[in-house]
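Asks: Take a look at entry-v8.cif, mmCIF, C-alpha atoms and all ligand atoms:
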data_model
loop_
_atom_site.group_PDB
_atom_site.id
_atom_site.type_symbol
_atom_site.label_atom_id
_atom_site.label_comp_id
_atom_site.auth_asym_id
_atom_site.auth_seq_id
_atom_site.Cartn_x
_atom_site.Cartn_y
_atom_site.Cartn_z
ATOM 1 C CA MET A 1 -18.498 -6.209 -49.627
ATOM 2 C CA GLU A 2 -16.758 -4.235 -52.351
ATOM 3 C CA GLY A 3 -19.356 -1.470 -52.041
ATOM 4 C CA ALA A 4 -18.909 -1.305 -48.252
ATOM 5 C CA SER A 5 -15.154 -1.110 -48.512
ATOM 6 C CA GLN A 6 -15.451 1.697 -51.105
ATOM 7 C CA GLN A 7 -17.735 3.587 -48.721
ATOM 8 C CA LEU A 8 -15.025 3.438 -46.062
ATOM 9 C CA ALA A 9 -12.121 4.354 -48.346
ATOM 10 C CA SER A 10 -12.218 8.052 -47.460
ATOM 11 C CA VAL A 11 -12.070 7.480 -43.667
ATOM 12 C CA SER A 12 -9.902 4.393 -43.348
ATOM 13 C CA GLU A 13 -6.554 3.222 -44.662
ATOM 14 C CA SER A 14 -7.742 -0.340 -44.086
ATOM 15 C CA ALA A 15 -11.209 -0.068 -45.622
ATOM 16 C CA GLN A 16 -11.374 -3.664 -46.916
ATOM 17 C CA LEU A 17 -10.197 -5.121 -43.602
ATOM 18 C CA ASP A 18 -12.615 -2.933 -41.638
ATOM 19 C CA ALA A 19 -15.545 -4.039 -43.803
ATOM 20 C CA GLU A 20 -14.580 -7.709 -43.426
ATOM 21 C CA LEU A 21 -14.225 -7.436 -39.641
ATOM 22 C CA LEU A 22 -17.589 -5.702 -39.352
ATOM 23 C CA LEU A 23 -19.398 -8.231 -41.546
ATOM 24 C CA GLY A 24 -17.756 -11.092 -39.637
ATOM 25 C CA HIS A 25 -18.938 -9.447 -36.415
ATOM 26 C CA CYS A 26 -22.545 -9.227 -37.692
ATOM 27 C CA LEU A 27 -22.434 -12.879 -38.741
ATOM 28 C CA GLY A 28 -20.728 -13.972 -35.521
ATOM 29 C CA LYS A 29 -17.982 -15.578 -37.643
ATOM 30 C CA PRO A 30 -14.238 -15.058 -38.170
ATOM 31 C CA ARG A 31 -12.977 -13.316 -41.323
ATOM 32 C CA SER A 32 -11.847 -16.650 -42.771
ATOM 33 C CA TYR A 33 -15.537 -17.637 -42.996
ATOM 34 C CA LEU A 34 -16.135 -14.818 -45.490
ATOM 35 C CA TYR A 35 -13.519 -16.261 -47.842
ATOM 36 C CA ALA A 36 -14.683 -19.851 -47.427
ATOM 37 C CA TRP A 37 -18.318 -18.869 -48.109
ATOM 38 C CA SER A 38 -17.832 -15.918 -50.424
ATOM 39 C CA ASP A 39 -20.832 -16.855 -52.625
ATOM 40 C CA LYS A 40 -23.269 -17.181 -49.735
ATOM 41 C CA GLN A 41 -26.013 -14.525 -49.456
ATOM 42 C CA VAL A 42 -26.410 -12.805 -46.085
ATOM 43 C CA ASP A 43 -29.915 -12.574 -44.641
ATOM 44 C CA SER A 44 -31.678 -9.211 -44.492
ATOM 45 C CA ASN A 45 -31.263 -8.722 -40.709
ATOM 46 C CA THR A 46 -27.509 -9.237 -40.946
ATOM 47 C CA LEU A 47 -27.380 -6.896 -43.928
ATOM 48 C CA GLN A 48 -29.227 -4.167 -42.019
ATOM 49 C CA ALA A 49 -26.896 -4.539 -39.021
ATOM 50 C CA PHE A 50 -23.861 -4.449 -41.313
ATOM 51 C CA LYS A 51 -25.076 -1.310 -43.108
ATOM 52 C CA ALA A 52 -25.611 0.414 -39.756
ATOM 53 C CA LEU A 53 -22.041 -0.355 -38.679
ATOM 54 C CA ILE A 54 -20.615 0.834 -42.002
ATOM 55 C CA LYS A 55 -22.528 4.089 -41.598
ATOM 56 C CA LYS A 56 -21.130 4.593 -38.096
ATOM 57 C CA ARG A 57 -17.616 3.748 -39.286
ATOM 58 C CA GLN A 58 -18.015 6.406 -42.018
ATOM 59 C CA SER A 59 -18.174 8.990 -39.218
ATOM 60 C CA ASP A 60 -14.651 7.905 -38.156
ATOM 61 C CA TYR A 61 -15.992 5.839 -35.269
ATOM 62 C CA PRO A 62 -13.260 3.291 -34.399
ATOM 63 C CA VAL A 63 -13.642 -0.314 -35.540
ATOM 64 C CA ALA A 64 -12.548 -1.548 -32.085
ATOM 65 C CA TYR A 65 -15.522 0.188 -30.436
ATOM 66 C CA LEU A 66 -17.888 -1.225 -33.064
ATOM 67 C CA LEU A 67 -16.530 -4.731 -32.463
ATOM 68 C CA GLY A 68 -16.299 -4.147 -28.704
ATOM 69 C CA LYS A 69 -12.835 -5.650 -28.577
ATOM 70 C CA GLN A 70 -9.191 -5.122 -29.472
ATOM 71 C CA GLY A 71 -6.232 -7.482 -29.626
ATOM 72 C CA PHE A 72 -3.213 -6.486 -27.535
ATOM 73 C CA TRP A 73 -0.131 -8.641 -26.928
ATOM 74 C CA SER A 74 -1.575 -12.175 -26.721
ATOM 75 C CA LEU A 75 -4.877 -10.973 -25.285
ATOM 76 C CA ASP A 76 -8.330 -10.215 -26.596
ATOM 77 C CA LEU A 77 -9.524 -7.178 -24.629
ATOM 78 C CA LYS A 78 -13.020 -5.806 -24.264
ATOM 79 C CA VAL A 79 -13.137 -2.087 -25.105
ATOM 80 C CA THR A 80 -15.878 0.514 -24.796
ATOM 81 C CA GLU A 81 -15.903 4.306 -25.106
ATOM 82 C CA ASP A 82 -14.829 4.392 -21.439
ATOM 83 C CA VAL A 83 -11.322 3.231 -22.285
ATOM 84 C CA LEU A 84 -8.596 4.165 -24.700
ATOM 85 C CA ILE A 85 -8.212 1.583 -27.462
ATOM 86 C CA PRO A 86 -4.853 -0.098 -26.729
ATOM 87 C CA ARG A 87 -2.304 0.687 -29.454
ATOM 88 C CA PRO A 88 0.255 -1.714 -30.938
ATOM 89 C CA GLU A 89 3.059 0.796 -30.094
ATOM 90 C CA THR A 90 2.380 0.191 -26.409
ATOM 91 C CA GLU A 91 3.661 -3.379 -26.788
ATOM 92 C CA LEU A 92 7.156 -1.797 -26.786
ATOM 93 C CA LEU A 93 6.517 -0.715 -23.201
ATOM 94 C CA VAL A 94 5.471 -4.269 -22.274
ATOM 95 C CA GLU A 95 8.580 -5.744 -23.938
ATOM 96 C CA THR A 96 10.903 -3.269 -22.228
ATOM 97 C CA ALA A 97 9.178 -3.789 -18.875
ATOM 98 C CA LEU A 98 9.713 -7.563 -19.153
ATOM 99 C CA GLU A 99 13.440 -6.973 -19.774
ATOM 100 C CA LYS A 100 13.718 -4.723 -16.710
ATOM 101 C CA ILE A 101 12.190 -7.319 -14.356
ATOM 102 C CA HIS A 102 13.850 -10.299 -16.018
ATOM 103 C CA SER A 103 16.011 -11.181 -13.011
ATOM 104 C CA ILE A 104 13.600 -10.118 -10.251
ATOM 105 C CA LYS A 105 11.626 -12.915 -8.601
ATOM 106 C CA ALA A 106 7.934 -12.192 -7.850
ATOM 107 C CA PRO A 107 8.269 -8.518 -8.854
ATOM 108 C CA LYS A 108 5.835 -5.921 -7.546
ATOM 109 C CA ILE A 109 4.642 -3.765 -10.424
ATOM 110 C CA LEU A 110 2.483 -0.644 -10.579
ATOM 111 C CA ASP A 111 0.611 0.292 -13.794
ATOM 112 C CA LEU A 112 -0.647 3.870 -13.531
ATOM 113 C CA GLY A 113 -3.633 4.766 -15.749
ATOM 114 C CA THR A 114 -4.418 1.199 -16.743
ATOM 115 C CA GLY A 115 -7.441 1.942 -18.993
ATOM 116 C CA SER A 116 -8.567 -1.396 -20.465
ATOM 117 C CA GLY A 117 -5.854 -3.070 -18.363
ATOM 118 C CA ALA A 118 -3.733 -3.702 -21.470
ATOM 119 C CA ILE A 119 -0.249 -3.217 -19.989
ATOM 120 C CA ALA A 120 -0.932 -4.760 -16.573
ATOM 121 C CA LEU A 121 -2.648 -7.818 -18.045
ATOM 122 C CA ALA A 122 0.030 -8.389 -20.699
ATOM 123 C CA LEU A 123 2.721 -8.290 -17.980
ATOM 124 C CA ALA A 124 0.607 -10.569 -15.808
ATOM 125 C CA VAL A 125 0.344 -13.328 -18.423
ATOM 126 C CA GLU A 126 4.071 -13.221 -19.085
ATOM 127 C CA ARG A 127 5.000 -13.121 -15.407
ATOM 128 C CA PRO A 128 2.454 -15.145 -13.409
ATOM 129 C CA ASP A 129 4.732 -14.751 -10.369
ATOM 130 C CA ALA A 130 4.396 -10.950 -10.458
ATOM 131 C CA LYS A 131 2.099 -9.042 -8.148
ATOM 132 C CA ILE A 132 0.616 -6.199 -10.158
ATOM 133 C CA LEU A 133 -1.386 -3.211 -9.019
ATOM 134 C CA ALA A 134 -3.308 -1.420 -11.778
ATOM 135 C CA SER A 135 -4.803 1.999 -11.086
ATOM 136 C CA ASP A 136 -7.020 4.438 -12.902
ATOM 137 C CA TYR A 137 -8.893 7.591 -12.026
ATOM 138 C CA SER A 138 -11.883 6.421 -14.042
ATOM 139 C CA VAL A 139 -14.147 3.974 -12.213
ATOM 140 C CA LYS A 140 -15.715 2.954 -15.525
ATOM 141 C CA ALA A 141 -12.312 2.148 -17.023
ATOM 142 C CA LEU A 142 -11.445 0.077 -13.955
ATOM 143 C CA GLY A 143 -14.675 -1.897 -14.448
ATOM 144 C CA ILE A 144 -13.564 -2.794 -17.990
ATOM 145 C CA ALA A 145 -10.028 -3.645 -16.852
ATOM 146 C CA GLU A 146 -11.360 -5.962 -14.129
ATOM 147 C CA GLU A 147 -13.659 -7.618 -16.641
ATOM 148 C CA ASN A 148 -10.693 -8.141 -18.971
ATOM 149 C CA ALA A 149 -8.779 -9.827 -16.148
ATOM 150 C CA ARG A 150 -11.741 -12.171 -15.606
ATOM 151 C CA LEU A 151 -12.266 -12.854 -19.313
ATOM 152 C CA ASN A 152 -8.584 -13.767 -19.673
ATOM 153 C CA SER A 153 -8.458 -15.760 -16.402
ATOM 154 C CA ILE A 154 -5.757 -13.512 -14.952
ATOM 155 C CA HIS A 155 -5.533 -13.532 -11.167
ATOM 156 C CA ASN A 156 -2.324 -11.688 -10.291
ATOM 157 C CA VAL A 157 -3.552 -8.139 -10.957
ATOM 158 C CA SER A 158 -5.480 -6.079 -8.432
ATOM 159 C CA PHE A 159 -7.218 -2.829 -9.250
ATOM 160 C CA ILE A 160 -7.505 0.463 -7.425
ATOM 161 C CA GLN A 161 -9.152 3.788 -8.107
ATOM 162 C CA SER A 162 -6.611 6.535 -7.636
ATOM 163 C CA ASN A 163 -5.680 9.994 -8.840
ATOM 164 C CA TRP A 164 -2.097 8.940 -9.723
ATOM 165 C CA PHE A 165 -0.490 8.055 -6.358
ATOM 166 C CA GLU A 166 -3.207 9.520 -4.135
ATOM 167 C CA THR A 167 -4.563 6.210 -2.782
ATOM 168 C CA ILE A 168 -1.539 3.993 -3.481
ATOM 169 C CA THR A 169 -0.049 2.844 -0.205
ATOM 170 C CA LEU A 170 3.702 2.765 0.143
ATOM 171 C CA GLN A 171 4.971 -0.727 -0.709
ATOM 172 C CA PRO A 172 8.040 -0.079 -2.760
ATOM 173 C CA PHE A 173 7.628 -1.404 -6.292
ATOM 174 C CA ASP A 174 10.193 -3.154 -8.487
ATOM 175 C CA LEU A 175 8.831 -1.400 -11.565
ATOM 176 C CA ILE A 176 6.435 1.426 -12.371
ATOM 177 C CA VAL A 177 4.916 1.645 -15.847
ATOM 178 C CA SER A 178 2.534 4.183 -17.305
ATOM 179 C CA ASN A 179 1.024 5.247 -20.585
ATOM 180 C CA PRO A 180 -0.505 8.468 -19.261
ATOM 181 C CA PRO A 181 -2.381 11.209 -21.118
ATOM 182 C CA TYR A 182 0.239 13.271 -23.003
ATOM 183 C CA ILE A 183 -1.490 15.255 -25.753
ATOM 184 C CA ARG A 184 -1.574 19.063 -25.700
ATOM 185 C CA ALA A 185 -5.052 20.358 -24.807
ATOM 186 C CA ASN A 186 -5.207 22.406 -28.029
ATOM 187 C CA ASP A 187 -3.971 19.611 -30.319
ATOM 188 C CA PRO A 188 -6.386 19.472 -33.300
ATOM 189 C CA HIS A 189 -6.247 15.634 -33.319
ATOM 190 C CA LEU A 190 -8.408 15.683 -30.181
ATOM 191 C CA LYS A 191 -11.245 17.043 -32.301
ATOM 192 C CA GLN A 192 -10.565 14.771 -35.257
ATOM 193 C CA GLU A 193 -9.663 11.104 -35.548
ATOM 194 C CA ILE A 194 -9.312 10.445 -31.797
ATOM 195 C CA ARG A 195 -12.426 12.407 -30.787
ATOM 196 C CA HIS A 196 -14.397 9.275 -29.915
ATOM 197 C CA GLU A 197 -11.903 8.176 -27.244
ATOM 198 C CA PRO A 198 -12.086 9.490 -23.647
ATOM 199 C CA GLN A 199 -10.520 12.947 -23.446
ATOM 200 C CA GLN A 200 -9.289 12.299 -19.885
ATOM 201 C CA ALA A 201 -7.218 9.458 -21.325
ATOM 202 C CA LEU A 202 -5.572 11.701 -23.898
ATOM 203 C CA ALA A 203 -5.190 15.377 -23.015
ATOM 204 C CA SER A 204 -2.778 16.682 -20.399
ATOM 205 C CA GLY A 205 -2.707 20.455 -20.087
ATOM 206 C CA LYS A 206 -1.194 23.091 -22.327
ATOM 207 C CA THR A 207 2.080 21.266 -22.978
ATOM 208 C CA GLY A 208 0.784 17.702 -22.763
ATOM 209 C CA LEU A 209 3.188 17.093 -19.887
ATOM 210 C CA ASP A 210 1.091 17.884 -16.796
ATOM 211 C CA ASP A 211 0.421 14.250 -15.870
ATOM 212 C CA ILE A 212 3.947 13.035 -16.669
ATOM 213 C CA ARG A 213 5.347 15.759 -14.370
ATOM 214 C CA ILE A 214 3.088 14.673 -11.495
ATOM 215 C CA ILE A 215 3.954 11.003 -11.955
ATOM 216 C CA LEU A 216 7.717 11.614 -12.132
ATOM 217 C CA HIS A 217 7.666 13.936 -9.144
ATOM 218 C CA GLN A 218 5.849 11.439 -6.905
ATOM 219 C CA ALA A 219 7.158 8.098 -8.185
ATOM 220 C CA PRO A 220 10.597 7.859 -6.483
ATOM 221 C CA ILE A 221 9.268 7.247 -2.962
ATOM 222 C CA TYR A 222 7.216 4.310 -4.269
ATOM 223 C CA MET A 223 10.212 2.600 -5.884
ATOM 224 C CA LYS A 224 12.914 0.303 -4.560
ATOM 225 C CA LYS A 225 16.536 1.274 -5.224
ATOM 226 C CA ASN A 226 17.915 0.382 -8.669
ATOM 227 C CA THR A 227 14.479 -0.090 -10.205
ATOM 228 C CA TRP A 228 13.017 1.495 -13.324
ATOM 229 C CA ILE A 229 10.133 3.697 -14.317
ATOM 230 C CA LEU A 230 8.895 3.434 -17.919
ATOM 231 C CA ILE A 231 6.694 6.127 -19.419
ATOM 232 C CA GLU A 232 5.105 6.115 -22.869
ATOM 233 C CA HIS A 233 4.778 9.553 -24.457
ATOM 234 C CA GLY A 234 4.319 11.481 -27.698
ATOM 235 C CA TYR A 235 6.843 11.233 -30.560
ATOM 236 C CA ASP A 236 7.849 14.878 -29.971
ATOM 237 C CA GLN A 237 8.463 14.472 -26.213
ATOM 238 C CA GLY A 238 11.542 12.239 -26.513
ATOM 239 C CA GLU A 239 13.898 14.938 -25.209
ATOM 240 C CA LEU A 240 11.593 16.551 -22.681
ATOM 241 C CA VAL A 241 10.578 13.427 -20.773
ATOM 242 C CA PRO A 242 14.148 12.178 -20.060
ATOM 243 C CA GLU A 243 14.958 15.774 -19.021
ATOM 244 C CA LEU A 244 12.016 15.718 -16.569
ATOM 245 C CA MET A 245 13.240 12.347 -15.308
ATOM 246 C CA LEU A 246 16.677 13.778 -14.556
ATOM 247 C CA GLN A 247 15.077 16.750 -12.791
ATOM 248 C CA ALA A 248 13.066 14.315 -10.639
ATOM 249 C CA GLY A 249 16.324 12.612 -9.601
ATOM 250 C CA PHE A 250 16.246 9.564 -11.881
ATOM 251 C CA LEU A 251 19.507 8.204 -13.331
ATOM 252 C CA GLN A 252 20.329 6.869 -16.815
ATOM 253 C CA ALA A 253 17.257 8.641 -18.232
ATOM 254 C CA ARG A 254 16.832 7.965 -21.935
ATOM 255 C CA CYS A 255 14.271 7.550 -24.687
ATOM 256 C CA ILE A 256 13.927 4.628 -27.095
ATOM 257 C CA LYS A 257 12.180 4.522 -30.456
ATOM 258 C CA ASP A 258 9.219 2.377 -31.455
ATOM 259 C CA TYR A 259 9.093 0.202 -34.600
ATOM 260 C CA ASN A 260 8.112 3.221 -36.679
ATOM 261 C CA ALA A 261 11.315 4.967 -35.493
ATOM 262 C CA ASN A 262 9.327 7.440 -33.381
ATOM 263 C CA ASN A 263 10.501 8.491 -29.927
ATOM 264 C CA ARG A 264 7.938 6.697 -27.844
ATOM 265 C CA LEU A 265 9.173 5.425 -24.508
ATOM 266 C CA SER A 266 11.410 6.949 -21.845
ATOM 267 C CA MET A 267 12.953 5.243 -18.870
ATOM 268 C CA GLY A 268 14.785 6.281 -15.767
ATOM 269 C CA LYS A 269 16.395 4.406 -12.904
ATOM 270 C CA LYS A 270 15.986 5.197 -9.254
ATOM 271 C CA GLY A 271 19.446 5.342 -7.699
HETATM 272 C C1 LIG B 301 -3.439 7.013 -22.574
HETATM 273 S S1 LIG B 301 -4.608 6.158 -21.534
HETATM 274 C C2 LIG B 301 -3.726 4.608 -21.360
HETATM 275 C C3 LIG B 301 -4.594 3.422 -21.108
HETATM 276 C C4 LIG B 301 -3.847 2.083 -21.091
HETATM 277 N N1 LIG B 301 -2.789 2.078 -20.083
HETATM 278 C C5 LIG B 301 -3.254 1.784 -22.453
HETATM 279 O O1 LIG B 301 -2.018 1.885 -22.590
HETATM 280 O O2 LIG B 301 -3.997 1.426 -23.382
HETATM 281 C C6 LIG B 301 -4.364 6.974 -19.981
HETATM 282 C C7 LIG B 301 -5.170 6.443 -18.821
HETATM 283 O O3 LIG B 301 -4.872 7.262 -17.665
HETATM 284 C C8 LIG B 301 -6.041 7.479 -16.920
HETATM 285 N N2 LIG B 301 -5.899 8.711 -16.134
HETATM 286 C C9 LIG B 301 -6.033 9.995 -16.544
HETATM 287 N N3 LIG B 301 -5.822 10.847 -15.523
HETATM 288 C C10 LIG B 301 -5.543 10.088 -14.431
HETATM 289 C C11 LIG B 301 -5.232 10.384 -13.072
HETATM 290 N N4 LIG B 301 -5.176 11.651 -12.636
HETATM 291 N N5 LIG B 301 -4.995 9.348 -12.237
HETATM 292 C C12 LIG B 301 -5.052 8.067 -12.682
HETATM 293 N N6 LIG B 301 -5.342 7.722 -13.948
HETATM 294 C C13 LIG B 301 -5.588 8.714 -14.827
HETATM 295 C C14 LIG B 301 -7.150 7.565 -17.980
HETATM 296 O O4 LIG B 301 -8.421 7.306 -17.401
HETATM 297 C C15 LIG B 301 -6.675 6.508 -18.989
HETATM 298 O O5 LIG B 301 -7.242 5.246 -18.700
#
As C-alpha cells, please, write out the structure in this file.
Replies:
Amino acid sequence: MEGASQQLASVSESAQLDAELLLGHCLGKPRSYLYAWSDKQVDSNTLQAFKALIKKRQSDYPVAYLLGKQGFWSLDLKVTEDVLIPRPETELLVETALEKIHSIKAPKILDLGTGSGAIALALAVERPDAKILASDYSVKALGIAEENARLNSIHNVSFIQSNWFETITLQPFDLIVSNPPYIRANDPHLKQEIRHEPQQALASGKTGLDDIRIILHQAPIYMKKNTWILIEHGYDQGELVPELMLQAGFLQARCIKDYNANNRLSMGKKG
C-alpha cells in the first residue's frame, strides 16, 4: 500500500486515500476493511487488478472513473467518461436552490445540462413533492442520469434530450438551475488535469460564456414571475455573470462565494 501511494504522490494530493479506495474497489470491500485486516495478504489476481488501476491513475485518470462512482450530496452516483464527475462545490447550488423553493409547494424545477443527474437528483431526494425536468444534449449522459435515478429509487425526475431550451415545452418553472460548460476553449486545464472529462461538458467558446449567454437569454419565458435562476460558473466570472443576468432582464442579480471563498454561483430573479 505504501508503495502504491508513493507512486501516486506526483499526480495526486490524496495519494494514500486514492490507493486505499482503489484497493478496496479491487477487493470489493470498504476502506475500513483495509484497516481491520491490514496484515492480510491479497491474492495475485487482486494484486494485478490493483497494479493496473494504480498505473492508470498515474496518468492522471480520475479515481471516480476508475471506481465508476462518485458521492454527491447524500447520493452515490454512477459515473463514466460520458459525464462530468460531480464536484463538491456544486452542493452550494443545491443548498441555495432548496432555499429558493422553500415556501413553494410542489415546485416545478428545470435542471439544464444535468450530466450524471447530480443536481436534479439531489433536489429530488430533498423535495419529493417537486416535479423536476432534467435535460442534457448528450444522450449518453442522459442514460447515466436515468440509471442514477433508478439506482437511487428516485421517481420525481423526468429526462429530456435538448439543446438548452430547444425541446423544452413552455410550462413555466418555479426554479431553473444549471451548471453549464463555462471554461474558455483555450484554457490549458482542458489539456491537463480535466482532459479525461467530456469536453462538451466543460468548454464554452472563446470567453467561456457562450452557453451561459444562451441560457440567460432564453430562460425568462420559461419562468414564473418572482422565481429564480441559479447558474454555477468559474471563479473569475463572478462579475460577468450577474452583469449578463441584468442585461437579460433579471432583477437582484448577484454572485455568492463557495466554501473556498471563490465566486461560484450567480442568481437572478425574474420580475
Ligand atoms: C459542467 S457539466 C455539469 C453536469 C452536472 N449538472 C453537474 O453539475 O455535475 C455541463 C453539462 O451540460 C451539458 N451540455 C453541454 N452543452 C449543452 C447544450 N447545448 N444543451 C444541453 N446540455 C448541454 C453537458 O453534456 C454536461 O452534461
Asks: Check which residues satisfy the PyMOL selection byres (((not hetatm)) within 6 of (chain B and resi 301)) in the file shown, then give them as a PyMOL selection string.
Replies: chain A and resi 83-86+113-116+118-119+136-138+162-164+179-181+200-202
Asks: Output C-alpha atoms for every residue in that selection, as a PDB file, in the frame of the given file.
Replies:
ATOM      1  CA  VAL A  83     -11.322   3.231 -22.285  1.00  0.00           C
ATOM      2  CA  LEU A  84      -8.596   4.165 -24.700  1.00  0.00           C
ATOM      3  CA  ILE A  85      -8.212   1.583 -27.462  1.00  0.00           C
ATOM      4  CA  PRO A  86      -4.853  -0.098 -26.729  1.00  0.00           C
ATOM      5  CA  GLY A 113      -3.633   4.766 -15.749  1.00  0.00           C
ATOM      6  CA  THR A 114      -4.418   1.199 -16.743  1.00  0.00           C
ATOM      7  CA  GLY A 115      -7.441   1.942 -18.993  1.00  0.00           C
ATOM      8  CA  SER A 116      -8.567  -1.396 -20.465  1.00  0.00           C
ATOM      9  CA  ALA A 118      -3.733  -3.702 -21.470  1.00  0.00           C
ATOM     10  CA  ILE A 119      -0.249  -3.217 -19.989  1.00  0.00           C
ATOM     11  CA  ASP A 136      -7.020   4.438 -12.902  1.00  0.00           C
ATOM     12  CA  TYR A 137      -8.893   7.591 -12.026  1.00  0.00           C
ATOM     13  CA  SER A 138     -11.883   6.421 -14.042  1.00  0.00           C
ATOM     14  CA  SER A 162      -6.611   6.535  -7.636  1.00  0.00           C
ATOM     15  CA  ASN A 163      -5.680   9.994  -8.840  1.00  0.00           C
ATOM     16  CA  TRP A 164      -2.097   8.940  -9.723  1.00  0.00           C
ATOM     17  CA  ASN A 179       1.024   5.247 -20.585  1.00  0.00           C
ATOM     18  CA  PRO A 180      -0.505   8.468 -19.261  1.00  0.00           C
ATOM     19  CA  PRO A 181      -2.381  11.209 -21.118  1.00  0.00           C
ATOM     20  CA  GLN A 200      -9.289  12.299 -19.885  1.00  0.00           C
ATOM     21  CA  ALA A 201      -7.218   9.458 -21.325  1.00  0.00           C
ATOM     22  CA  LEU A 202      -5.572  11.701 -23.898  1.00  0.00           C
TER      23      LEU A 202
END
Asks: Taking into account only C-alpha atoms, which residue in the set A:Cys26, A:Val157, A:Ala185, A:Val63 is nearest to A:Thr46?
Replies: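 Using only C-alpha atoms, A:Thr46 sits closest to A:Cys26.
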Asks: For the PyMOL selection byres (((chain A and resi 155) around 12) and not hetatm), applied here, can you spell out every residue it catches as a ChimeraX atom specification?
Replies: /A:120-121,123-125,127-133,146-154,156-159
Asks: List the spatial neighbours of stretch 92-108 of chain A as a PDB file with C-alpha atoms, in the coordinates of the input - criterion: any atom at most 10 Å away, only C-alpha atoms, same-chain residues fewer than 2 positions off excluded.
Replies:
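Okay, this is what ended up in selection-v7.pdb:
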ATOM      1  CA  TRP A  73      -0.131  -8.641 -26.928  1.00  0.00           C
ATOM      2  CA  PRO A  88       0.255  -1.714 -30.938  1.00  0.00           C
ATOM      3  CA  GLU A  89       3.059   0.796 -30.094  1.00  0.00           C
ATOM      4  CA  THR A  90       2.380   0.191 -26.409  1.00  0.00           C
ATOM      5  CA  LEU A 110       2.483  -0.644 -10.579  1.00  0.00           C
ATOM      6  CA  ALA A 118      -3.733  -3.702 -21.470  1.00  0.00           C
ATOM      7  CA  ILE A 119      -0.249  -3.217 -19.989  1.00  0.00           C
ATOM      8  CA  ALA A 120      -0.932  -4.760 -16.573  1.00  0.00           C
ATOM      9  CA  LEU A 121      -2.648  -7.818 -18.045  1.00  0.00           C
ATOM     10  CA  ALA A 122       0.030  -8.389 -20.699  1.00  0.00           C
ATOM     11  CA  LEU A 123       2.721  -8.290 -17.980  1.00  0.00           C
ATOM     12  CA  GLU A 126       4.071 -13.221 -19.085  1.00  0.00           C
ATOM     13  CA  ARG A 127       5.000 -13.121 -15.407  1.00  0.00           C
ATOM     14  CA  PRO A 128       2.454 -15.145 -13.409  1.00  0.00           C
ATOM     15  CA  ASP A 129       4.732 -14.751 -10.369  1.00  0.00           C
ATOM     16  CA  ALA A 130       4.396 -10.950 -10.458  1.00  0.00           C
ATOM     17  CA  LYS A 131       2.099  -9.042  -8.148  1.00  0.00           C
ATOM     18  CA  ILE A 132       0.616  -6.199 -10.158  1.00  0.00           C
ATOM     19  CA  LEU A 133      -1.386  -3.211  -9.019  1.00  0.00           C
ATOM     20  CA  GLN A 171       4.971  -0.727  -0.709  1.00  0.00           C
ATOM     21  CA  PRO A 172       8.040  -0.079  -2.760  1.00  0.00           C
ATOM     22  CA  PHE A 173       7.628  -1.404  -6.292  1.00  0.00           C
ATOM     23  CA  ASP A 174      10.193  -3.154  -8.487  1.00  0.00           C
ATOM     24  CA  LEU A 175       8.831  -1.400 -11.565  1.00  0.00           C
ATOM     25  CA  ILE A 176       6.435   1.426 -12.371  1.00  0.00           C
ATOM     26  CA  VAL A 177       4.916   1.645 -15.847  1.00  0.00           C
ATOM     27  CA  SER A 178       2.534   4.183 -17.305  1.00  0.00           C
ATOM     28  CA  ASN A 179       1.024   5.247 -20.585  1.00  0.00           C
ATOM     29  CA  MET A 223      10.212   2.600  -5.884  1.00  0.00           C
ATOM     30  CA  LYS A 224      12.914   0.303  -4.560  1.00  0.00           C
ATOM     31  CA  THR A 227      14.479  -0.090 -10.205  1.00  0.00           C
ATOM     32  CA  TRP A 228      13.017   1.495 -13.324  1.00  0.00           C
ATOM     33  CA  ILE A 229      10.133   3.697 -14.317  1.00  0.00           C
ATOM     34  CA  LEU A 230       8.895   3.434 -17.919  1.00  0.00           C
ATOM     35  CA  ILE A 231       6.694   6.127 -19.419  1.00  0.00           C
ATOM     36  CA  GLU A 232       5.105   6.115 -22.869  1.00  0.00           C
ATOM     37  CA  ILE A 256      13.927   4.628 -27.095  1.00  0.00           C
ATOM     38  CA  LYS A 257      12.180   4.522 -30.456  1.00  0.00           C
ATOM     39  CA  ASP A 258       9.219   2.377 -31.455  1.00  0.00           C
ATOM     40  CA  TYR A 259       9.093   0.202 -34.600  1.00  0.00           C
ATOM     41  CA  ARG A 264       7.938   6.697 -27.844  1.00  0.00           C
ATOM     42  CA  LEU A 265       9.173   5.425 -24.508  1.00  0.00           C
ATOM     43  CA  SER A 266      11.410   6.949 -21.845  1.00  0.00           C
ATOM     44  CA  MET A 267      12.953   5.243 -18.870  1.00  0.00           C
TER      45      MET A 267
END
Asks: Would you translate the PyMOL selection byres (((chain A and resi 205) around 9) and not hetatm) into the concrete set of residues it matches in this file, as a ChimeraX atom specification?
Replies: /A:182-186,203-204,206-211
Asks: Quick one: distance from atom CA of A:Gln161 to atom CA of A:Leu66 in Å, one decimal?
Replies: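 Taking atom CA of A:Gln161 as the start and atom CA of A:Leu66 as the end point, the length is 26.9 Å.
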Asks: So for stretch 176-184 of chain A, what box centre and size do we get, axis-aligned, 6 Å extra on each of the six sides, every listed atom, Å to one decimal, as AutoDock Vina command-line options?
Replies:
--center_x 2.0 --center_y 10.2 --center_z -19.1 --size_x 20.8 --size_y 29.6 --size_z 25.4
Asks: Given only C-alpha atoms as the basis, pick out the residue of A:Asn45, A:Ser38, A:Asn262, A:Gln58 nearest to A:Ala4.
Replies: A:Gln58
Asks: Can you tell me, as a list in words, what residues are no more than 12 Å from A:Gly24 when counting only C-alpha atoms, ignoring any on the same chain fewer than 4 positions away?
Replies: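 What passes the distance filter is Met1, Leu17, Asp18, Ala19, Glu20, Gly28, Lys29, Pro30, Arg31, Ser32, Tyr33, Leu34, Tyr35, Trp37, Ser38, Val42, Thr46, Leu47, Ala49, Phe50, Leu53, Leu66 and Leu67 of chain A.
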Asks: Given all atoms listed in the file as the basis, pick out the residue of A:Gln218, A:Asn263, A:Asn226, A:Gln41 nearest to A:Pro242.
Replies: A:Asn263
Asks: Using only C-alpha atoms, which residues sit within 9 Å of A:Asp60 once same-chain residues fewer than 6 positions away are excluded, as a VMD selection string?
Replies: chain A and resid 11 to 12 192 to 196
Asks: In Å, with one decimal, what is the gap from atom CA of A:Asp82 to atom CA of A:Ser10?
Replies: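 These two atoms are separated by 26.4 Å.
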